[in-house]
>>> print(open('protein.pdb').read())   # PDB, N, CA and C atoms, pLDDT in the B column
ATOM      1  N   MET A1384       1.142  29.729  -8.160  1.00 41.00           N
ATOM      2  CA  MET A1384       1.996  28.608  -8.552  1.00 41.00           C
ATOM      3  C   MET A1384       2.819  28.100  -7.376  1.00 41.00           C
ATOM      4  N   ALA A1385       3.241  28.998  -6.512  1.00 47.00           N
ATOM      5  CA  ALA A1385       4.056  28.593  -5.362  1.00 47.00           C
ATOM      6  C   ALA A1385       3.306  27.608  -4.482  1.00 47.00           C
ATOM      7  N   MET A1386       1.998  27.795  -4.349  1.00 47.00           N
ATOM      8  CA  MET A1386       1.205  26.892  -3.522  1.00 47.00           C
ATOM      9  C   MET A1386       1.263  25.477  -4.084  1.00 47.00           C
ATOM     10  N   ALA A1387       1.148  25.329  -5.381  1.00 53.00           N
ATOM     11  CA  ALA A1387       1.220  24.010  -6.009  1.00 53.00           C
ATOM     12  C   ALA A1387       2.595  23.398  -5.794  1.00 53.00           C
ATOM     13  N   ASP A1388       3.627  24.207  -5.898  1.00 63.00           N
ATOM     14  CA  ASP A1388       4.978  23.697  -5.679  1.00 63.00           C
ATOM     15  C   ASP A1388       5.161  23.221  -4.246  1.00 63.00           C
ATOM     16  N   ASN A1389       4.630  23.983  -3.285  1.00 69.00           N
ATOM     17  CA  ASN A1389       4.731  23.582  -1.879  1.00 69.00           C
ATOM     18  C   ASN A1389       3.984  22.283  -1.630  1.00 69.00           C
ATOM     19  N   THR A1390       2.814  22.157  -2.237  1.00 70.00           N
ATOM     20  CA  THR A1390       2.038  20.931  -2.089  1.00 70.00           C
ATOM     21  C   THR A1390       2.785  19.759  -2.716  1.00 70.00           C
ATOM     22  N   SER A1391       3.329  19.979  -3.891  1.00 80.00           N
ATOM     23  CA  SER A1391       4.082  18.918  -4.559  1.00 80.00           C
ATOM     24  C   SER A1391       5.300  18.516  -3.741  1.00 80.00           C
ATOM     25  N   ASP A1392       5.987  19.499  -3.161  1.00 87.00           N
ATOM     26  CA  ASP A1392       7.142  19.202  -2.313  1.00 87.00           C
ATOM     27  C   ASP A1392       6.727  18.385  -1.102  1.00 87.00           C
ATOM     28  N   ALA A1393       5.620  18.760  -0.479  1.00 85.00           N
ATOM     29  CA  ALA A1393       5.144  18.046   0.703  1.00 85.00           C
ATOM     30  C   ALA A1393       4.753  16.619   0.334  1.00 85.00           C
ATOM     31  N   GLN A1394       4.103  16.460  -0.802  1.00 85.00           N
ATOM     32  CA  GLN A1394       3.705  15.120  -1.239  1.00 85.00           C
ATOM     33  C   GLN A1394       4.916  14.270  -1.576  1.00 85.00           C
ATOM     34  N   LEU A1395       5.905  14.876  -2.220  1.00 89.00           N
ATOM     35  CA  LEU A1395       7.122  14.146  -2.547  1.00 89.00           C
ATOM     36  C   LEU A1395       7.862  13.742  -1.271  1.00 89.00           C
ATOM     37  N   ASP A1396       7.948  14.639  -0.318  1.00 93.00           N
ATOM     38  CA  ASP A1396       8.595  14.330   0.964  1.00 93.00           C
ATOM     39  C   ASP A1396       7.889  13.170   1.654  1.00 93.00           C
ATOM     40  N   PHE A1397       6.551  13.206   1.653  1.00 91.00           N
ATOM     41  CA  PHE A1397       5.779  12.135   2.282  1.00 91.00           C
ATOM     42  C   PHE A1397       5.994  10.810   1.560  1.00 91.00           C
ATOM     43  N   LEU A1398       5.973  10.848   0.238  1.00 91.00           N
ATOM     44  CA  LEU A1398       6.193   9.627  -0.538  1.00 91.00           C
ATOM     45  C   LEU A1398       7.573   9.042  -0.241  1.00 91.00           C
ATOM     46  N   LEU A1399       8.575   9.890  -0.174  1.00 95.00           N
ATOM     47  CA  LEU A1399       9.928   9.421   0.153  1.00 95.00           C
ATOM     48  C   LEU A1399       9.981   8.837   1.561  1.00 95.00           C
ATOM     49  N   GLN A1400       9.244   9.443   2.482  1.00 96.00           N
ATOM     50  CA  GLN A1400       9.184   8.926   3.848  1.00 96.00           C
ATOM     51  C   GLN A1400       8.562   7.529   3.870  1.00 96.00           C
ATOM     52  N   VAL A1401       7.518   7.333   3.097  1.00 95.00           N
ATOM     53  CA  VAL A1401       6.862   6.021   3.020  1.00 95.00           C
ATOM     54  C   VAL A1401       7.811   4.991   2.407  1.00 95.00           C
ATOM     55  N   LEU A1402       8.468   5.362   1.328  1.00 96.00           N
ATOM     56  CA  LEU A1402       9.403   4.432   0.679  1.00 96.00           C
ATOM     57  C   LEU A1402      10.561   4.067   1.604  1.00 96.00           C
ATOM     58  N   LYS A1403      11.050   5.040   2.364  1.00 97.00           N
ATOM     59  CA  LYS A1403      12.125   4.776   3.311  1.00 97.00           C
ATOM     60  C   LYS A1403      11.645   3.832   4.414  1.00 97.00           C
ATOM     61  N   ALA A1404      10.423   4.044   4.891  1.00 96.00           N
ATOM     62  CA  ALA A1404       9.866   3.172   5.924  1.00 96.00           C
ATOM     63  C   ALA A1404       9.735   1.740   5.409  1.00 96.00           C
ATOM     64  N   ILE A1405       9.326   1.593   4.158  1.00 96.00           N
ATOM     65  CA  ILE A1405       9.218   0.263   3.553  1.00 96.00           C
ATOM     66  C   ILE A1405      10.590  -0.401   3.502  1.00 96.00           C
ATOM     67  N   ALA A1406      11.586   0.346   3.041  1.00 97.00           N
ATOM     68  CA  ALA A1406      12.937  -0.199   2.916  1.00 97.00           C
ATOM     69  C   ALA A1406      13.530  -0.519   4.289  1.00 97.00           C
ATOM     70  N   ASP A1407      13.403   0.411   5.235  1.00 97.00           N
ATOM     71  CA  ASP A1407      13.996   0.229   6.562  1.00 97.00           C
ATOM     72  C   ASP A1407      13.352  -0.904   7.351  1.00 97.00           C
ATOM     73  N   SER A1408      12.071  -1.152   7.089  1.00 97.00           N
ATOM     74  CA  SER A1408      11.351  -2.186   7.839  1.00 97.00           C
ATOM     75  C   SER A1408      11.305  -3.513   7.088  1.00 97.00           C
ATOM     76  N   ASN A1409      12.017  -3.571   5.971  1.00 95.00           N
ATOM     77  CA  ASN A1409      11.987  -4.776   5.121  1.00 95.00           C
ATOM     78  C   ASN A1409      10.565  -5.143   4.700  1.00 95.00           C
ATOM     79  N   GLY A1410       9.767  -4.103   4.446  1.00 91.00           N
ATOM     80  CA  GLY A1410       8.411  -4.331   3.960  1.00 91.00           C
ATOM     81  C   GLY A1410       7.402  -4.711   5.014  1.00 91.00           C
ATOM     82  N   ASP A1411       7.731  -4.507   6.291  1.00 95.00           N
ATOM     83  CA  ASP A1411       6.800  -4.843   7.378  1.00 95.00           C
ATOM     84  C   ASP A1411       5.570  -3.936   7.276  1.00 95.00           C
ATOM     85  N   HIS A1412       4.451  -4.534   6.924  1.00 94.00           N
ATOM     86  CA  HIS A1412       3.254  -3.745   6.683  1.00 94.00           C
ATOM     87  C   HIS A1412       2.755  -3.028   7.929  1.00 94.00           C
ATOM     88  N   GLN A1413       3.044  -3.548   9.116  1.00 97.00           N
ATOM     89  CA  GLN A1413       2.599  -2.884  10.340  1.00 97.00           C
ATOM     90  C   GLN A1413       3.297  -1.534  10.508  1.00 97.00           C
ATOM     91  N   VAL A1414       4.569  -1.461  10.171  1.00 96.00           N
ATOM     92  CA  VAL A1414       5.316  -0.203  10.246  1.00 96.00           C
ATOM     93  C   VAL A1414       4.745   0.798   9.247  1.00 96.00           C
ATOM     94  N   VAL A1415       4.517   0.323   8.042  1.00 95.00           N
ATOM     95  CA  VAL A1415       3.999   1.196   6.986  1.00 95.00           C
ATOM     96  C   VAL A1415       2.566   1.618   7.314  1.00 95.00           C
ATOM     97  N   ASP A1416       1.754   0.703   7.795  1.00 95.00           N
ATOM     98  CA  ASP A1416       0.375   1.035   8.166  1.00 95.00           C
ATOM     99  C   ASP A1416       0.340   2.131   9.221  1.00 95.00           C
ATOM    100  N   LYS A1417       1.198   2.047  10.225  1.00 96.00           N
ATOM    101  CA  LYS A1417       1.233   3.066  11.280  1.00 96.00           C
ATOM    102  C   LYS A1417       1.600   4.425  10.705  1.00 96.00           C
ATOM    103  N   LEU A1418       2.549   4.436   9.789  1.00 95.00           N
ATOM    104  CA  LEU A1418       2.954   5.684   9.159  1.00 95.00           C
ATOM    105  C   LEU A1418       1.803   6.266   8.342  1.00 95.00           C
ATOM    106  N   LEU A1419       1.132   5.428   7.582  1.00 94.00           N
ATOM    107  CA  LEU A1419       0.006   5.895   6.770  1.00 94.00           C
ATOM    108  C   LEU A1419      -1.136   6.398   7.655  1.00 94.00           C
ATOM    109  N   GLU A1420      -1.431   5.678   8.732  1.00 95.00           N
ATOM    110  CA  GLU A1420      -2.491   6.095   9.643  1.00 95.00           C
ATOM    111  C   GLU A1420      -2.160   7.443  10.283  1.00 95.00           C
ATOM    112  N   ALA A1421      -0.905   7.643  10.627  1.00 95.00           N
ATOM    113  CA  ALA A1421      -0.483   8.894  11.271  1.00 95.00           C
ATOM    114  C   ALA A1421      -0.520  10.068  10.296  1.00 95.00           C
ATOM    115  N   ASN A1422      -0.559   9.765   9.007  1.00 91.00           N
ATOM    116  CA  ASN A1422      -0.532  10.816   7.987  1.00 91.00           C
ATOM    117  C   ASN A1422      -1.717  10.719   7.042  1.00 91.00           C
ATOM    118  N   ILE A1423      -2.827  10.255   7.554  1.00 90.00           N
ATOM    119  CA  ILE A1423      -4.007  10.031   6.714  1.00 90.00           C
ATOM    120  C   ILE A1423      -4.431  11.306   5.984  1.00 90.00           C
ATOM    121  N   ASP A1424      -4.146  12.459   6.583  1.00 87.00           N
ATOM    122  CA  ASP A1424      -4.513  13.728   5.959  1.00 87.00           C
ATOM    123  C   ASP A1424      -3.737  13.994   4.676  1.00 87.00           C
ATOM    124  N   LYS A1425      -2.625  13.307   4.486  1.00 85.00           N
ATOM    125  CA  LYS A1425      -1.814  13.506   3.297  1.00 85.00           C
ATOM    126  C   LYS A1425      -2.208  12.582   2.153  1.00 85.00           C
ATOM    127  N   LEU A1426      -3.079  11.648   2.426  1.00 84.00           N
ATOM    128  CA  LEU A1426      -3.532  10.714   1.395  1.00 84.00           C
ATOM    129  C   LEU A1426      -4.762  11.287   0.708  1.00 84.00           C
ATOM    130  N   ASN A1427      -4.657  11.496  -0.595  1.00 78.00           N
ATOM    131  CA  ASN A1427      -5.766  12.034  -1.368  1.00 78.00           C
ATOM    132  C   ASN A1427      -5.662  11.536  -2.803  1.00 78.00           C
ATOM    133  N   GLN A1428      -6.598  11.950  -3.627  1.00 72.00           N
ATOM    134  CA  GLN A1428      -6.616  11.498  -5.014  1.00 72.00           C
ATOM    135  C   GLN A1428      -5.376  11.922  -5.780  1.00 72.00           C
ATOM    136  N   THR A1429      -4.799  13.058  -5.438  1.00 70.00           N
ATOM    137  CA  THR A1429      -3.614  13.526  -6.139  1.00 70.00           C
ATOM    138  C   THR A1429      -2.433  12.616  -5.855  1.00 70.00           C
ATOM    139  N   LEU A1430      -2.272  12.221  -4.607  1.00 62.00           N
ATOM    140  CA  LEU A1430      -1.165  11.343  -4.236  1.00 62.00           C
ATOM    141  C   LEU A1430      -1.412   9.921  -4.738  1.00 62.00           C
ATOM    142  N   ALA A1431      -2.658   9.499  -4.718  1.00 56.00           N
ATOM    143  CA  ALA A1431      -3.000   8.154  -5.172  1.00 56.00           C
ATOM    144  C   ALA A1431      -2.723   8.051  -6.635  1.00 56.00           C
TER
END
>>> encode(input="protein.pdb", output="structure tokens")
Amino acid sequence: MAMADNTSDAQLDFLLQVLKAIADSNGDHQVVDKLLEANIDKLNQTLA
């Protein structure tokens, strides 16, 4: 169970990072795209 919690925490942290980037950049897609590209390994069906 701890593994699932760690994964969920990591996904939540990443999601919050993306939302913060959107807010801080006023929705500039280039900023968000760079963040997503740098973290492509964190994008999966569970997060989607």
>>> atom_distance(input="protein.pdb", atom1="atom CA of A:Leu1399", atom2="atom N of A:Leu1426")
13.4 Å
>>> select_by_dssp(input="protein.pdb", residues="chain A", states="helix (DSSP H, G or I)", output="VMD selection string")
chain A and resid 1385 to 1407 1412 to 1421 1423 to 1425
>>> atom_distance(input="protein.pdb", atom1="atom CA of A:Ser1408", atom2="atom CA of A:Thr1390")
26.8 Å
>>> atom_distance(input="protein.pdb", atom1="atom C of A:Asn1427", atom2="atom C of A:Leu1402")
18.4 Å
>>> axis_aligned_box(input="protein.pdb", around="stretch 1418-1423 of chain A", padding_each_side="5 Å", output="AutoDock Vina command-line options")
--center_x -0.7 --center_y 7.9 --center_z 8.6 --size_x 17.4 --size_y 16.9 --size_z 15.3
>>> residues_around(input="protein.pdb", residues="A:Val1415", least_positions_apart="5", cutoff="12 Å", atoms="only C-alpha atoms", output="CSV table (one decimal) with N, CA and C atoms, in the coordinates of the input")
chain,number,residue,atom,x,y,z
A,1398,LEU,N,6.0,10.8,0.2
A,1398,LEU,CA,6.2,9.6,-0.5
A,1398,LEU,C,7.6,9.0,-0.2
A,1400,GLN,N,9.2,9.4,2.5
A,1400,GLN,CA,9.2,8.9,3.8
A,1400,GLN,C,8.6,7.5,3.9
A,1401,VAL,N,7.5,7.3,3.1
A,1401,VAL,CA,6.9,6.0,3.0
A,1401,VAL,C,7.8,5.0,2.4
A,1402,LEU,N,8.5,5.4,1.3
A,1402,LEU,CA,9.4,4.4,0.7
A,1402,LEU,C,10.6,4.1,1.6
A,1403,LYS,N,11.0,5.0,2.4
A,1403,LYS,CA,12.1,4.8,3.3
A,1403,LYS,C,11.6,3.8,4.4
A,1404,ALA,N,10.4,4.0,4.9
A,1404,ALA,CA,9.9,3.2,5.9
A,1404,ALA,C,9.7,1.7,5.4
A,1405,ILE,N,9.3,1.6,4.2
A,1405,ILE,CA,9.2,0.3,3.6
A,1405,ILE,C,10.6,-0.4,3.5
A,1406,ALA,N,11.6,0.3,3.0
A,1406,ALA,CA,12.9,-0.2,2.9
A,1406,ALA,C,13.5,-0.5,4.3
A,1407,ASP,N,13.4,0.4,5.2
A,1407,ASP,CA,14.0,0.2,6.6
A,1407,ASP,C,13.4,-0.9,7.4
A,1408,SER,N,12.1,-1.2,7.1
A,1408,SER,CA,11.4,-2.2,7.8
A,1408,SER,C,11.3,-3.5,7.1
A,1409,ASN,N,12.0,-3.6,6.0
A,1409,ASN,CA,12.0,-4.8,5.1
A,1409,ASN,C,10.6,-5.1,4.7
A,1410,GLY,N,9.8,-4.1,4.4
A,1410,GLY,CA,8.4,-4.3,4.0
A,1410,GLY,C,7.4,-4.7,5.0
A,1420,GLU,N,-1.4,5.7,8.7
A,1420,GLU,CA,-2.5,6.1,9.6
A,1420,GLU,C,-2.2,7.4,10.3
A,1421,ALA,N,-0.9,7.6,10.6
A,1421,ALA,CA,-0.5,8.9,11.3
A,1421,ALA,C,-0.5,10.1,10.3
A,1422,ASN,N,-0.6,9.8,9.0
A,1422,ASN,CA,-0.5,10.8,8.0
A,1422,ASN,C,-1.7,10.7,7.0
A,1423,ILE,N,-2.8,10.3,7.6
A,1423,ILE,CA,-4.0,10.0,6.7
A,1423,ILE,C,-4.4,11.3,6.0
>>> build_atoms(input="protein.pdb", residues="stretch 1400-1411 of chain A", atoms="N, CA, C and O atoms", output="PDB file, keeping the file's coordinate frame")
ATOM      1  N   GLN A1400       9.244   9.443   2.482  1.00 96.00           N
ATOM      2  CA  GLN A1400       9.184   8.926   3.848  1.00 96.00           C
ATOM      3  C   GLN A1400       8.562   7.529   3.870  1.00 96.00           C
ATOM      4  O   GLN A1400       9.043   6.630   4.577  1.00 96.00           O
ATOM      5  N   VAL A1401       7.518   7.333   3.097  1.00 95.00           N
ATOM      6  CA  VAL A1401       6.862   6.021   3.020  1.00 95.00           C
ATOM      7  C   VAL A1401       7.811   4.991   2.407  1.00 95.00           C
ATOM      8  O   VAL A1401       7.952   3.874   2.924  1.00 95.00           O
ATOM      9  N   LEU A1402       8.468   5.362   1.328  1.00 96.00           N
ATOM     10  CA  LEU A1402       9.403   4.432   0.679  1.00 96.00           C
ATOM     11  C   LEU A1402      10.561   4.067   1.604  1.00 96.00           C
ATOM     12  O   LEU A1402      10.982   2.909   1.656  1.00 96.00           O
ATOM     13  N   LYS A1403      11.050   5.040   2.364  1.00 97.00           N
ATOM     14  CA  LYS A1403      12.125   4.776   3.311  1.00 97.00           C
ATOM     15  C   LYS A1403      11.645   3.832   4.414  1.00 97.00           C
ATOM     16  O   LYS A1403      12.365   2.920   4.811  1.00 97.00           O
ATOM     17  N   ALA A1404      10.423   4.044   4.891  1.00 96.00           N
ATOM     18  CA  ALA A1404       9.866   3.172   5.924  1.00 96.00           C
ATOM     19  C   ALA A1404       9.735   1.740   5.409  1.00 96.00           C
ATOM     20  O   ALA A1404      10.011   0.779   6.137  1.00 96.00           O
ATOM     21  N   ILE A1405       9.326   1.593   4.158  1.00 96.00           N
ATOM     22  CA  ILE A1405       9.218   0.263   3.553  1.00 96.00           C
ATOM     23  C   ILE A1405      10.590  -0.401   3.502  1.00 96.00           C
ATOM     24  O   ILE A1405      10.750  -1.556   3.890  1.00 96.00           O
ATOM     25  N   ALA A1406      11.586   0.346   3.041  1.00 97.00           N
ATOM     26  CA  ALA A1406      12.937  -0.199   2.916  1.00 97.00           C
ATOM     27  C   ALA A1406      13.530  -0.519   4.289  1.00 97.00           C
ATOM     28  O   ALA A1406      14.086  -1.605   4.497  1.00 97.00           O
ATOM     29  N   ASP A1407      13.403   0.411   5.235  1.00 97.00           N
ATOM     30  CA  ASP A1407      13.996   0.229   6.562  1.00 97.00           C
ATOM     31  C   ASP A1407      13.352  -0.904   7.351  1.00 97.00           C
ATOM     32  O   ASP A1407      13.994  -1.535   8.184  1.00 97.00           O
ATOM     33  N   SER A1408      12.071  -1.152   7.089  1.00 97.00           N
ATOM     34  CA  SER A1408      11.351  -2.186   7.839  1.00 97.00           C
ATOM     35  C   SER A1408      11.305  -3.513   7.088  1.00 97.00           C
ATOM     36  O   SER A1408      10.617  -4.440   7.528  1.00 97.00           O
ATOM     37  N   ASN A1409      12.017  -3.571   5.971  1.00 95.00           N
ATOM     38  CA  ASN A1409      11.987  -4.776   5.121  1.00 95.00           C
ATOM     39  C   ASN A1409      10.565  -5.143   4.700  1.00 95.00           C
ATOM     40  O   ASN A1409      10.201  -6.312   4.635  1.00 95.00           O
ATOM     41  N   GLY A1410       9.767  -4.103   4.446  1.00 91.00           N
ATOM     42  CA  GLY A1410       8.411  -4.331   3.960  1.00 91.00           C
ATOM     43  C   GLY A1410       7.402  -4.711   5.014  1.00 91.00           C
ATOM     44  O   GLY A1410       6.316  -5.183   4.682  1.00 91.00           O
ATOM     45  N   ASP A1411       7.731  -4.507   6.291  1.00 95.00           N
ATOM     46  CA  ASP A1411       6.800  -4.843   7.378  1.00 95.00           C
ATOM     47  C   ASP A1411       5.570  -3.936   7.276  1.00 95.00           C
ATOM     48  O   ASP A1411       5.642  -2.733   7.514  1.00 95.00           O
TER      49      ASP A1411
END
